[in-house]
Structure formats: C-alpha cells, structure tokens
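Visitor: This is the content of target-v4.cif (mmCIF, C-alpha atoms):
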```
data_start
loop_
_atom_site.group_PDB
_atom_site.id
_atom_site.type_symbol
_atom_site.label_atom_id
_atom_site.label_comp_id
_atom_site.auth_asym_id
_atom_site.auth_seq_id
_atom_site.Cartn_x
_atom_site.Cartn_y
_atom_site.Cartn_z
ATOM 1 C CA MET V 814 -61.399 44.007 -31.393
ATOM 2 C CA GLU V 815 -58.524 41.767 -32.518
ATOM 3 C CA ILE V 816 -56.659 39.223 -30.436
ATOM 4 C CA ALA V 817 -53.289 37.668 -31.223
ATOM 5 C CA VAL V 818 -51.447 35.129 -29.088
ATOM 6 C CA GLN V 819 -47.680 34.748 -29.092
ATOM 7 C CA GLU V 820 -45.805 32.114 -27.098
ATOM 8 C CA PHE V 821 -42.600 32.908 -25.262
ATOM 9 C CA LYS V 822 -40.383 30.556 -23.291
ATOM 10 C CA HIS V 823 -41.708 31.618 -19.880
ATOM 11 C CA CYS V 824 -45.033 33.240 -20.716
ATOM 12 C CA ASP V 825 -47.645 33.911 -23.382
ATOM 13 C CA MET V 826 -48.406 37.334 -24.766
ATOM 14 C CA ILE V 827 -51.966 38.147 -25.649
ATOM 15 C CA THR V 828 -52.161 41.268 -27.790
ATOM 16 C CA VAL V 829 -55.585 42.869 -27.749
ATOM 17 C CA SER V 830 -56.290 45.775 -30.042
ATOM 18 C CA GLY V 831 -59.285 47.850 -31.068
ATOM 19 C CA ARG V 832 -62.240 48.264 -28.738
ATOM 20 C CA VAL V 833 -63.326 46.062 -25.845
ATOM 21 C CA ASP V 834 -66.915 46.601 -24.677
ATOM 22 C CA SER V 835 -69.878 44.422 -23.627
ATOM 23 C CA ALA V 836 -70.153 43.160 -27.222
ATOM 24 C CA THR V 837 -66.517 42.109 -27.618
ATOM 25 C CA ALA V 838 -65.375 41.351 -24.036
ATOM 26 C CA PRO V 839 -66.696 37.759 -24.142
ATOM 27 C CA LYS V 840 -64.164 37.034 -26.929
ATOM 28 C CA LEU V 841 -61.343 38.395 -24.786
ATOM 29 C CA ALA V 842 -62.572 36.299 -21.857
ATOM 30 C CA GLN V 843 -62.610 33.222 -24.107
ATOM 31 C CA ALA V 844 -59.036 33.857 -25.287
ATOM 32 C CA LEU V 845 -57.857 34.153 -21.690
ATOM 33 C CA GLU V 846 -59.745 31.012 -20.661
ATOM 34 C CA ALA V 847 -58.292 29.143 -23.635
ATOM 35 C CA ALA V 848 -54.782 30.073 -22.482
ATOM 36 C CA ASN V 849 -55.562 28.774 -18.990
ATOM 37 C CA GLU V 850 -57.068 25.590 -20.381
ATOM 38 C CA GLY V 851 -53.839 25.103 -22.314
ATOM 39 C CA GLY V 852 -51.945 25.243 -19.016
ATOM 40 C CA LYS V 853 -50.715 28.818 -19.548
ATOM 41 C CA TYR V 854 -51.012 30.957 -16.435
ATOM 42 C CA LYS V 855 -48.228 33.485 -16.992
ATOM 43 C CA LEU V 856 -49.782 36.009 -19.308
ATOM 44 C CA VAL V 857 -48.762 39.384 -20.668
ATOM 45 C CA ILE V 858 -51.639 41.414 -22.041
ATOM 46 C CA ASN V 859 -50.208 43.803 -24.619
ATOM 47 C CA MET V 860 -52.514 46.819 -24.883
ATOM 48 C CA GLU V 861 -50.415 48.855 -27.295
ATOM 49 C CA GLY V 862 -53.124 48.977 -29.956
ATOM 50 C CA LEU V 863 -56.074 49.103 -27.575
ATOM 51 C CA GLU V 864 -58.346 52.092 -28.241
ATOM 52 C CA TYR V 865 -61.056 51.526 -25.700
ATOM 53 C CA MET V 866 -62.022 49.282 -22.785
ATOM 54 C CA SER V 867 -65.177 49.423 -20.670
ATOM 55 C CA SER V 868 -65.840 47.667 -17.366
ATOM 56 C CA ALA V 869 -66.869 44.590 -19.365
ATOM 57 C CA GLY V 870 -63.192 44.248 -20.325
ATOM 58 C CA PHE V 871 -62.098 44.869 -16.734
ATOM 59 C CA ARG V 872 -64.337 41.986 -15.698
ATOM 60 C CA ALA V 873 -62.560 39.639 -18.128
ATOM 61 C CA LEU V 874 -59.162 40.766 -16.803
ATOM 62 C CA LEU V 875 -60.244 40.222 -13.195
ATOM 63 C CA ALA V 876 -61.521 36.696 -13.874
ATOM 64 C CA ALA V 877 -58.249 35.827 -15.627
ATOM 65 C CA GLN V 878 -56.123 37.262 -12.838
ATOM 66 C CA ARG V 879 -58.034 35.199 -10.250
ATOM 67 C CA ASN V 880 -57.587 32.024 -12.242
ATOM 68 C CA CYS V 881 -53.923 32.614 -13.064
ATOM 69 C CA LYS V 882 -52.879 33.507 -9.520
ATOM 70 C CA LYS V 883 -54.554 30.423 -8.041
ATOM 71 C CA TYR V 884 -51.992 28.051 -6.429
ATOM 72 C CA ASN V 885 -49.332 30.690 -7.217
ATOM 73 C CA ARG V 886 -49.107 29.181 -10.684
ATOM 74 C CA GLY V 887 -48.899 32.464 -12.524
ATOM 75 C CA GLU V 888 -50.070 36.000 -13.028
ATOM 76 C CA VAL V 889 -51.563 38.384 -15.565
ATOM 77 C CA VAL V 890 -49.505 41.529 -16.196
ATOM 78 C CA LEU V 891 -50.356 44.471 -18.452
ATOM 79 C CA ALA V 892 -48.052 46.115 -20.985
ATOM 80 C CA SER V 893 -48.255 49.426 -22.893
ATOM 81 C CA VAL V 894 -51.516 50.524 -21.309
ATOM 82 C CA PRO V 895 -52.798 53.642 -23.142
ATOM 83 C CA ASP V 896 -53.261 56.670 -20.856
ATOM 84 C CA ARG V 897 -57.052 56.851 -20.963
ATOM 85 C CA ILE V 898 -57.443 53.155 -20.285
ATOM 86 C CA ARG V 899 -54.941 53.441 -17.431
ATOM 87 C CA ASP V 900 -57.009 56.337 -15.999
ATOM 88 C CA ALA V 901 -60.174 54.227 -16.050
ATOM 89 C CA LEU V 902 -58.371 51.195 -14.555
ATOM 90 C CA GLU V 903 -57.051 53.458 -11.816
ATOM 91 C CA LEU V 904 -60.491 54.914 -11.137
ATOM 92 C CA ALA V 905 -61.791 51.349 -10.772
ATOM 93 C CA GLY V 906 -58.990 50.497 -8.345
ATOM 94 C CA PHE V 907 -57.592 47.925 -10.780
ATOM 95 C CA THR V 908 -54.034 49.205 -11.009
ATOM 96 C CA GLU V 909 -53.344 47.610 -7.620
ATOM 97 C CA LEU V 910 -54.404 44.187 -8.921
ATOM 98 C CA PHE V 911 -52.113 44.141 -11.981
ATOM 99 C CA LYS V 912 -48.436 44.869 -12.473
ATOM 100 C CA THR V 913 -48.050 47.168 -15.449
ATOM 101 C CA PHE V 914 -45.058 47.579 -17.730
ATOM 102 C CA ASP V 915 -44.204 50.390 -20.153
ATOM 103 C CA ASP V 916 -43.464 47.985 -22.990
ATOM 104 C CA PRO V 917 -44.114 44.322 -23.894
ATOM 105 C CA ILE V 918 -40.425 43.324 -23.703
ATOM 106 C CA SER V 919 -40.083 44.338 -20.041
ATOM 107 C CA ALA V 920 -43.371 42.584 -19.294
ATOM 108 C CA VAL V 921 -42.136 39.344 -20.895
ATOM 109 C CA GLY V 922 -38.855 39.774 -19.001
ATOM 110 C CA HIS V 923 -40.785 39.847 -15.728
ATOM 111 C CA PHE V 924 -41.431 36.096 -16.014
ATOM 112 C CA MET O 125 -80.629 68.050 -28.683
ATOM 113 C CA GLN O 126 -80.280 65.218 -31.169
ATOM 114 C CA THR O 127 -82.187 62.003 -30.568
ATOM 115 C CA VAL O 128 -81.453 58.564 -31.991
ATOM 116 C CA GLN O 129 -83.220 55.250 -31.327
ATOM 117 C CA PHE O 130 -81.009 52.200 -31.014
ATOM 118 C CA ALA O 131 -81.927 48.543 -30.753
ATOM 119 C CA ALA O 132 -80.995 47.591 -27.174
ATOM 120 C CA LYS O 133 -78.168 45.248 -28.146
ATOM 121 C CA PHE O 134 -74.497 45.283 -27.239
ATOM 122 C CA GLU O 135 -73.522 45.343 -30.913
ATOM 123 C CA TYR O 136 -74.781 48.953 -31.142
ATOM 124 C CA LEU O 137 -72.502 50.228 -28.362
ATOM 125 C CA ASP O 138 -69.969 51.306 -31.001
ATOM 126 C CA GLU O 139 -72.569 53.522 -32.683
ATOM 127 C CA ILE O 140 -73.809 54.839 -29.351
ATOM 128 C CA ARG O 141 -70.269 55.917 -28.373
ATOM 129 C CA GLU O 142 -69.790 57.518 -31.780
ATOM 130 C CA PHE O 143 -73.083 59.416 -31.492
ATOM 131 C CA VAL O 144 -72.243 61.056 -28.137
ATOM 132 C CA GLY O 145 -68.557 61.407 -29.082
ATOM 133 C CA ASN O 146 -69.338 63.453 -32.198
ATOM 134 C CA ILE O 147 -71.651 65.784 -30.284
ATOM 135 C CA ALA O 148 -69.097 66.212 -27.474
ATOM 136 C CA ARG O 149 -66.337 66.984 -30.014
ATOM 137 C CA ALA O 150 -68.488 69.542 -31.843
ATOM 138 C CA GLY O 151 -69.278 71.053 -28.432
ATOM 139 C CA GLY O 152 -65.593 71.704 -27.723
ATOM 140 C CA PHE O 153 -64.827 68.907 -25.245
ATOM 141 C CA ASN O 154 -61.214 67.678 -25.325
ATOM 142 C CA ASP O 155 -60.136 64.130 -26.228
ATOM 143 C CA LYS O 156 -59.898 62.947 -22.632
ATOM 144 C CA GLU O 157 -63.344 64.352 -21.795
ATOM 145 C CA ILE O 158 -64.779 62.778 -24.939
ATOM 146 C CA TYR O 159 -63.363 59.361 -23.970
ATOM 147 C CA ASN O 160 -64.873 59.657 -20.492
ATOM 148 C CA ILE O 161 -68.266 60.768 -21.837
ATOM 149 C CA GLN O 162 -68.230 57.789 -24.215
ATOM 150 C CA LEU O 163 -67.245 55.417 -21.400
ATOM 151 C CA ALA O 164 -69.991 56.707 -19.065
ATOM 152 C CA THR O 165 -72.606 56.439 -21.834
ATOM 153 C CA ASP O 166 -71.429 52.923 -22.743
ATOM 154 C CA GLU O 167 -71.676 51.822 -19.100
ATOM 155 C CA ALA O 168 -75.181 53.346 -18.802
ATOM 156 C CA ALA O 169 -76.362 51.745 -22.050
ATOM 157 C CA SER O 170 -74.759 48.379 -21.189
ATOM 158 C CA ASN O 171 -76.612 48.367 -17.868
ATOM 159 C CA ILE O 172 -79.938 49.081 -19.544
ATOM 160 C CA ILE O 173 -79.365 46.330 -22.114
ATOM 161 C CA GLU O 174 -78.192 43.853 -19.462
ATOM 162 C CA HIS O 175 -80.641 44.626 -16.631
ATOM 163 C CA ALA O 176 -83.642 46.705 -17.793
ATOM 164 C CA TYR O 177 -84.009 44.539 -20.892
ATOM 165 C CA GLU O 178 -82.843 41.241 -19.393
ATOM 166 C CA GLY O 179 -84.396 38.485 -21.478
ATOM 167 C CA VAL O 180 -86.007 40.987 -23.873
ATOM 168 C CA GLY O 181 -84.886 40.566 -27.460
ATOM 169 C CA ASP O 182 -86.397 43.620 -29.115
ATOM 170 C CA GLY O 183 -85.997 46.467 -26.606
ATOM 171 C CA LEU O 184 -85.436 50.024 -27.739
ATOM 172 C CA LEU O 185 -82.983 52.500 -26.288
ATOM 173 C CA GLU O 186 -83.545 56.153 -27.120
ATOM 174 C CA ILE O 187 -80.576 58.447 -26.609
ATOM 175 C CA SER O 188 -80.720 62.236 -26.723
ATOM 176 C CA CYS O 189 -77.577 64.307 -26.548
ATOM 177 C CA GLY O 190 -76.737 67.982 -26.798
ATOM 178 C CA VAL O 191 -74.267 70.633 -25.646
ATOM 179 C CA GLN O 192 -75.377 74.011 -24.364
ATOM 180 C CA GLY O 193 -73.223 76.590 -22.612
ATOM 181 C CA GLY O 194 -70.303 74.174 -22.214
ATOM 182 C CA VAL O 195 -72.488 71.479 -20.652
ATOM 183 C CA ILE O 196 -73.246 68.153 -22.306
ATOM 184 C CA THR O 197 -76.505 66.427 -21.442
ATOM 185 C CA ILE O 198 -77.131 62.787 -22.318
ATOM 186 C CA ILE O 199 -80.569 61.301 -21.763
ATOM 187 C CA LEU O 200 -81.155 57.551 -22.073
ATOM 188 C CA VAL O 201 -84.758 56.362 -22.188
ATOM 189 C CA ASP O 202 -85.802 52.716 -22.018
ATOM 190 C CA HIS O 203 -89.049 50.818 -21.626
ATOM 191 C CA GLY O 204 -87.747 47.875 -19.632
ATOM 192 C CA GLU O 205 -87.656 46.994 -15.934
ATOM 193 C CA PRO O 206 -86.818 49.968 -13.702
ATOM 194 C CA PHE O 207 -83.174 49.856 -12.668
ATOM 195 C CA ASP O 208 -82.072 52.721 -10.441
ATOM 196 C CA PRO O 209 -78.260 53.021 -10.522
ATOM 197 C CA SER O 210 -78.256 54.937 -7.218
ATOM 198 C CA GLU O 211 -79.495 51.772 -5.480
ATOM 199 C CA VAL O 212 -76.432 49.829 -6.569
ATOM 200 C CA PRO O 213 -73.884 49.837 -3.731
ATOM 201 C CA THR O 214 -70.444 51.274 -4.384
ATOM 202 C CA PRO O 215 -67.963 48.447 -4.962
ATOM 203 C CA ASP O 216 -65.136 48.066 -2.459
ATOM 204 C CA LEU O 217 -62.160 49.258 -4.501
ATOM 205 C CA LYS O 218 -59.686 48.301 -1.788
ATOM 206 C CA ALA O 219 -60.780 44.663 -1.585
ATOM 207 C CA ASP O 220 -58.063 42.184 -2.527
ATOM 208 C CA LEU O 221 -58.223 40.023 -5.625
ATOM 209 C CA SER O 222 -60.309 37.185 -4.183
ATOM 210 C CA GLU O 223 -62.842 39.528 -2.578
ATOM 211 C CA ARG O 224 -63.097 41.918 -5.477
ATOM 212 C CA LYS O 225 -66.566 42.209 -6.946
ATOM 213 C CA ILE O 226 -67.115 43.362 -10.466
ATOM 214 C CA GLY O 227 -70.827 44.117 -10.077
ATOM 215 C CA GLY O 228 -71.565 47.810 -9.816
ATOM 216 C CA LEU O 229 -68.252 48.815 -11.345
ATOM 217 C CA GLY O 230 -69.841 50.237 -14.498
ATOM 218 C CA ILE O 231 -72.227 52.359 -12.454
ATOM 219 C CA PHE O 232 -69.376 53.472 -10.215
ATOM 220 C CA LEU O 233 -67.400 54.616 -13.288
ATOM 221 C CA MET O 234 -70.477 56.392 -14.647
ATOM 222 C CA ARG O 235 -70.903 58.341 -11.415
ATOM 223 C CA LYS O 236 -67.220 59.216 -11.211
ATOM 224 C CA LEU O 237 -66.931 60.336 -14.827
ATOM 225 C CA MET O 238 -70.026 62.537 -14.997
ATOM 226 C CA ASP O 239 -70.898 65.595 -12.887
ATOM 227 C CA GLU O 240 -74.551 64.676 -12.336
ATOM 228 C CA ILE O 241 -76.722 61.588 -12.767
ATOM 229 C CA HIS O 242 -80.502 61.673 -12.416
ATOM 230 C CA TYR O 243 -82.765 58.653 -12.717
ATOM 231 C CA SER O 244 -86.537 58.522 -12.879
ATOM 232 C CA ALA O 245 -88.896 55.602 -13.404
ATOM 233 C CA GLU O 246 -92.469 56.131 -14.606
ATOM 234 C CA PRO O 247 -93.982 52.634 -14.246
ATOM 235 C CA LYS O 248 -97.392 53.728 -15.554
ATOM 236 C CA LYS O 249 -95.828 54.898 -18.785
ATOM 237 C CA ASN O 250 -93.343 52.009 -18.741
ATOM 238 C CA ARG O 251 -90.614 54.576 -19.195
ATOM 239 C CA ASN O 252 -87.266 54.933 -17.391
ATOM 240 C CA THR O 253 -85.061 57.957 -17.875
ATOM 241 C CA LEU O 254 -81.391 58.345 -17.015
ATOM 242 C CA LYS O 255 -79.962 61.831 -17.418
ATOM 243 C CA MET O 256 -76.212 62.476 -17.253
ATOM 244 C CA ILE O 257 -74.540 65.883 -17.220
ATOM 245 C CA LYS O 258 -70.904 66.879 -17.673
ATOM 246 C CA ARG O 259 -69.439 70.383 -17.728
ATOM 247 C CA ARG O 260 -66.569 71.186 -20.064
ATOM 248 C CA GLY O 261 -63.277 71.523 -18.165
#
```
How does the structure come out when it is put into structure tokens?
Guide:
Amino acid sequence: MEIAVQEFKHCDMITVSGRVDSATAPKLAQALEAANEGGKYKLVINMEGLEYMSSAGFRALLAAQRNCKKYNRGEVVLASVPDRIRDALELAGFTELFKTFDDPISAVGHF
Amino acid sequence: MQTVQFAAKFEYLDEIREFVGNIARAGGFNDKEIYNIQLATDEAASNIIEHAYEGVGDGLLEISCGVQGGVITIILVDHGEPFDPSEVPTPDLKADLSERKIGGLGIFLMRKLMDEIHYSAEPKKNRNTLKMIKRRG
C-alpha cells in the first residue's frame, strides 16, 4: 500500500494505492488522523490505483468520516472507486455514508 | 486439496489471498468471484489472528483449499480460542454515521460472499475449524 497526500485550496487529496488489509490499514488510519491533526477535515480519497480493500480499510474510512463530519467542519469523499471495491462497500452499506465521484477532479470540485 | 501453514500474523494476509486466488483461478472462477473469495478468506483469517490468537505471538493458521465440480472449499484451522462467527450479531447496515458499528462487518462480508460457512470447535483437541464453500457462477 502507498499513500500520497496532495493539498488543494479547499481540500486535501489522499491517494491510496495497492492493497489495504489488516496489515496495512493502520497506516491509512494514521495518514487520515495526521490530516485531521493538521486541521484538514475536507478530504478526497483517490482510489484510482487501489487493488484491494478489506473491512479493516472500511474501518479506517469510517473513523475518518466520523471525525471529519464532527461540528460540520468537513467530510470524506471517495473518488475513482474500482468496481470490486465499490461492490464490497455497497454490501457493507458504506456507499450511503460517503459521496463518491467518478474522478478526482470532480471530487476536489465538490469542496 | 492443497494445504499450507501460515504464521498467524497480518503480514501473511497477502500470501493467504494469493494462495486461495491461484486455486480459484485454476478452478475456472472469474475475476470478480476470485476477488470475493480472497476477501472472504482474508476476513476469516483476520478474525482468527485478531480474536482466536489475541495476545498469542506464535499461532499457526492452516489453510486448505481445493476446487471440485465447480465448487471451491476453503478450510481454516487454528489452535486458539474458539470464536464462532455465527454468534456475532449482524451489524445494522442502515444505522447512521454516529451509530454505525464496525465490529462484525468482516464476518458479515464473509457470510454474504460465500455460499456456506460451517464452524466447529473441538476444545479437547484445541482445534477450531472454519469451512467456507462457494459454487462457481
């Protein structure tokens, strides 16, 4: 799993690629927490290069969404979600908790 | 059936997914089915590592996998604390963000993605067995 952070005027984009499972999810959680600690609560998670995500990754996304939405200070949105990951998110009832965008540019434009 | 022993550590999840993925592919399952079989096996293995072997540093996880007549069978054997997935309540998938619980989500996915799940604990032998079955679409 690789994580890259890019700052935009109105939000930050966190690009996560590779595979997120119980071994790697803590790193994703840390990256999301670090953004929050830096006062960033408007986050785009770019999943374009994501190959795999288990429920351990979903857990990290849920924690971040809770923290970001607190006091209406922001939100986590998802961009370029690969089909199989979208299927699993849907099965878990997660698609209702996150706005999703077909590409990173429209996701950034949401903020 | 092929059987491989893995150290019960999260860092081997990659190899575990590859092991069942290769057998599923050779058995004619399509890419989507293979992904789902890998996800279900990952969730099952993660649960064993996290719960059955909680606090145990050197647990072993034995995984057997094979395809016969268009049906894949995956058997996970551990020697940790019994942990019956059927006793884990189904998470409320309609709960809003603040009420949403993440516990039990892996087991829920496992049940949804596979056709059958059977669990048996043999405390005298210190042996727990989780068997998952999926028919080719």
Visitor: Which residues fall under the PyMOL selection byres ((chain O) within 7 of (chain V)) in this file, as a compact mmCIF listing (two decimals) with C-alpha atoms, keeping the file's coordinate frame?
Guide:
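Once everything was written out, this is expr.txt:
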```
# COMPACT_ATOMS: atom_id res chain seq x y z
CA PHE O 134 -74.50 45.28 -27.24
CA GLU O 135 -73.52 45.34 -30.91
CA LYS O 156 -59.90 62.95 -22.63
CA LEU O 163 -67.24 55.42 -21.40
CA SER O 170 -74.76 48.38 -21.19
CA LEU O 217 -62.16 49.26 -4.50
CA LYS O 218 -59.69 48.30 -1.79
CA LEU O 221 -58.22 40.02 -5.62
CA SER O 222 -60.31 37.18 -4.18
CA ILE O 226 -67.11 43.36 -10.47
CA LEU O 229 -68.25 48.82 -11.34
CA GLY O 230 -69.84 50.24 -14.50
CA LEU O 233 -67.40 54.62 -13.29
```
Visitor: List as a ChimeraX atom specification the protein and nucleic acid residues near O:Ile172, meaning an atom at most 9 Å away when all atoms listed in the file are counted, but skip any in the same chain fewer than 3 places from it.
Guide: /O:132,167-169,175-178,185,200,202,204-205,207
Visitor: One decimal, in Å: what's the spacing between atom CA of O:Met125 and atom CA of O:Val144?
Guide: 10.9 Å
Visitor: Decode the PyMOL selection byres ((chain V and resi 820-831) around 12) for the given file into explicit residues and return them as a PDB file with C-alpha atoms, in the frame of the given file.
Guide:
```
ATOM      1  CA  MET V 814     -61.399  44.007 -31.393  1.00  0.00           C
ATOM      2  CA  GLU V 815     -58.524  41.767 -32.518  1.00  0.00           C
ATOM      3  CA  ILE V 816     -56.659  39.223 -30.436  1.00  0.00           C
ATOM      4  CA  ALA V 817     -53.289  37.668 -31.223  1.00  0.00           C
ATOM      5  CA  VAL V 818     -51.447  35.129 -29.088  1.00  0.00           C
ATOM      6  CA  GLN V 819     -47.680  34.748 -29.092  1.00  0.00           C
ATOM      7  CA  ARG V 832     -62.240  48.264 -28.738  1.00  0.00           C
ATOM      8  CA  VAL V 833     -63.326  46.062 -25.845  1.00  0.00           C
ATOM      9  CA  ASP V 834     -66.915  46.601 -24.677  1.00  0.00           C
ATOM     10  CA  THR V 837     -66.517  42.109 -27.618  1.00  0.00           C
ATOM     11  CA  ALA V 838     -65.375  41.351 -24.036  1.00  0.00           C
ATOM     12  CA  LYS V 840     -64.164  37.034 -26.929  1.00  0.00           C
ATOM     13  CA  LEU V 841     -61.343  38.395 -24.786  1.00  0.00           C
ATOM     14  CA  ALA V 842     -62.572  36.299 -21.857  1.00  0.00           C
ATOM     15  CA  GLN V 843     -62.610  33.222 -24.107  1.00  0.00           C
ATOM     16  CA  ALA V 844     -59.036  33.857 -25.287  1.00  0.00           C
ATOM     17  CA  LEU V 845     -57.857  34.153 -21.690  1.00  0.00           C
ATOM     18  CA  GLU V 846     -59.745  31.012 -20.661  1.00  0.00           C
ATOM     19  CA  ALA V 847     -58.292  29.143 -23.635  1.00  0.00           C
ATOM     20  CA  ALA V 848     -54.782  30.073 -22.482  1.00  0.00           C
ATOM     21  CA  ASN V 849     -55.562  28.774 -18.990  1.00  0.00           C
ATOM     22  CA  GLY V 851     -53.839  25.103 -22.314  1.00  0.00           C
ATOM     23  CA  GLY V 852     -51.945  25.243 -19.016  1.00  0.00           C
ATOM     24  CA  LYS V 853     -50.715  28.818 -19.548  1.00  0.00           C
ATOM     25  CA  TYR V 854     -51.012  30.957 -16.435  1.00  0.00           C
ATOM     26  CA  LYS V 855     -48.228  33.485 -16.992  1.00  0.00           C
ATOM     27  CA  LEU V 856     -49.782  36.009 -19.308  1.00  0.00           C
ATOM     28  CA  VAL V 857     -48.762  39.384 -20.668  1.00  0.00           C
ATOM     29  CA  ILE V 858     -51.639  41.414 -22.041  1.00  0.00           C
ATOM     30  CA  ASN V 859     -50.208  43.803 -24.619  1.00  0.00           C
ATOM     31  CA  MET V 860     -52.514  46.819 -24.883  1.00  0.00           C
ATOM     32  CA  GLU V 861     -50.415  48.855 -27.295  1.00  0.00           C
ATOM     33  CA  GLY V 862     -53.124  48.977 -29.956  1.00  0.00           C
ATOM     34  CA  LEU V 863     -56.074  49.103 -27.575  1.00  0.00           C
ATOM     35  CA  GLU V 864     -58.346  52.092 -28.241  1.00  0.00           C
ATOM     36  CA  TYR V 865     -61.056  51.526 -25.700  1.00  0.00           C
ATOM     37  CA  MET V 866     -62.022  49.282 -22.785  1.00  0.00           C
ATOM     38  CA  GLY V 870     -63.192  44.248 -20.325  1.00  0.00           C
ATOM     39  CA  LEU V 874     -59.162  40.766 -16.803  1.00  0.00           C
ATOM     40  CA  CYS V 881     -53.923  32.614 -13.064  1.00  0.00           C
ATOM     41  CA  ARG V 886     -49.107  29.181 -10.684  1.00  0.00           C
ATOM     42  CA  GLY V 887     -48.899  32.464 -12.524  1.00  0.00           C
ATOM     43  CA  GLU V 888     -50.070  36.000 -13.028  1.00  0.00           C
ATOM     44  CA  VAL V 889     -51.563  38.384 -15.565  1.00  0.00           C
ATOM     45  CA  VAL V 890     -49.505  41.529 -16.196  1.00  0.00           C
ATOM     46  CA  LEU V 891     -50.356  44.471 -18.452  1.00  0.00           C
ATOM     47  CA  ALA V 892     -48.052  46.115 -20.985  1.00  0.00           C
ATOM     48  CA  SER V 893     -48.255  49.426 -22.893  1.00  0.00           C
ATOM     49  CA  VAL V 894     -51.516  50.524 -21.309  1.00  0.00           C
ATOM     50  CA  PRO V 895     -52.798  53.642 -23.142  1.00  0.00           C
ATOM     51  CA  ASP V 916     -43.464  47.985 -22.990  1.00  0.00           C
ATOM     52  CA  PRO V 917     -44.114  44.322 -23.894  1.00  0.00           C
ATOM     53  CA  ILE V 918     -40.425  43.324 -23.703  1.00  0.00           C
ATOM     54  CA  SER V 919     -40.083  44.338 -20.041  1.00  0.00           C
ATOM     55  CA  ALA V 920     -43.371  42.584 -19.294  1.00  0.00           C
ATOM     56  CA  VAL V 921     -42.136  39.344 -20.895  1.00  0.00           C
ATOM     57  CA  GLY V 922     -38.855  39.774 -19.001  1.00  0.00           C
ATOM     58  CA  HIS V 923     -40.785  39.847 -15.728  1.00  0.00           C
ATOM     59  CA  PHE V 924     -41.431  36.096 -16.014  1.00  0.00           C
TER      60      PHE V 924
ATOM     61  CA  ASP O 138     -69.969  51.306 -31.001  1.00  0.00           C
TER      62      ASP O 138
END
```
Visitor: Quick one, how far is atom CA of O:His242 from atom CA of O:Met256?
Guide: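 Taking atom CA of O:His242 as the start and atom CA of O:Met256 as the end point, the length is 6.5 Å.
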Visitor: Quick one: 4 Å padding each side, axis-aligned, all listed atoms of stretch 878-892 of chain V - centre and edge lengths in Å to one decimal, as JSON?
Guide:
```
{"center_x": -53.0, "center_y": 37.1, "center_z": -13.7, "size_x": 18.0, "size_y": 26.1, "size_z": 22.6}
```
Visitor: What residues come out when you apply the PyMOL selection byres ((chain O and resi 261) around 10) to this file, written as a VMD selection string?
Guide: chain O and resid 152 to 154 157 194 to 195 258 to 260
Visitor: Would you mind listing what lies within 8 Å of O:Arg235 as a PyMOL selection string, with only C-alpha atoms counted and same-chain residues fewer than 5 positions away left out?
Guide: chain O and resi 164+240-241
Visitor: Would you compute the distance between atom CA of O:Arg149 and atom CA of V:Thr908? Give it in Å to one decimal.
Guide: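 Separation between atom CA of O:Arg149 and atom CA of V:Thr908: 28.8 Å.
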Visitor: Return the single residue from O:Lys133, O:Lys248, O:Arg224, O:Lys236 that is closest to O:Asn171, with distances computed using only C-alpha atoms.
Guide: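 For O:Asn171, the nearest of the candidates is O:Lys133.
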Visitor: The residues within 8 Å of (-82.1, 57.9, -29.3), using only C-alpha atoms and the coordinates of the file, should be reported as a ChimeraX atom specification; which are they?
Guide: /O:126-130,185-188,200-201
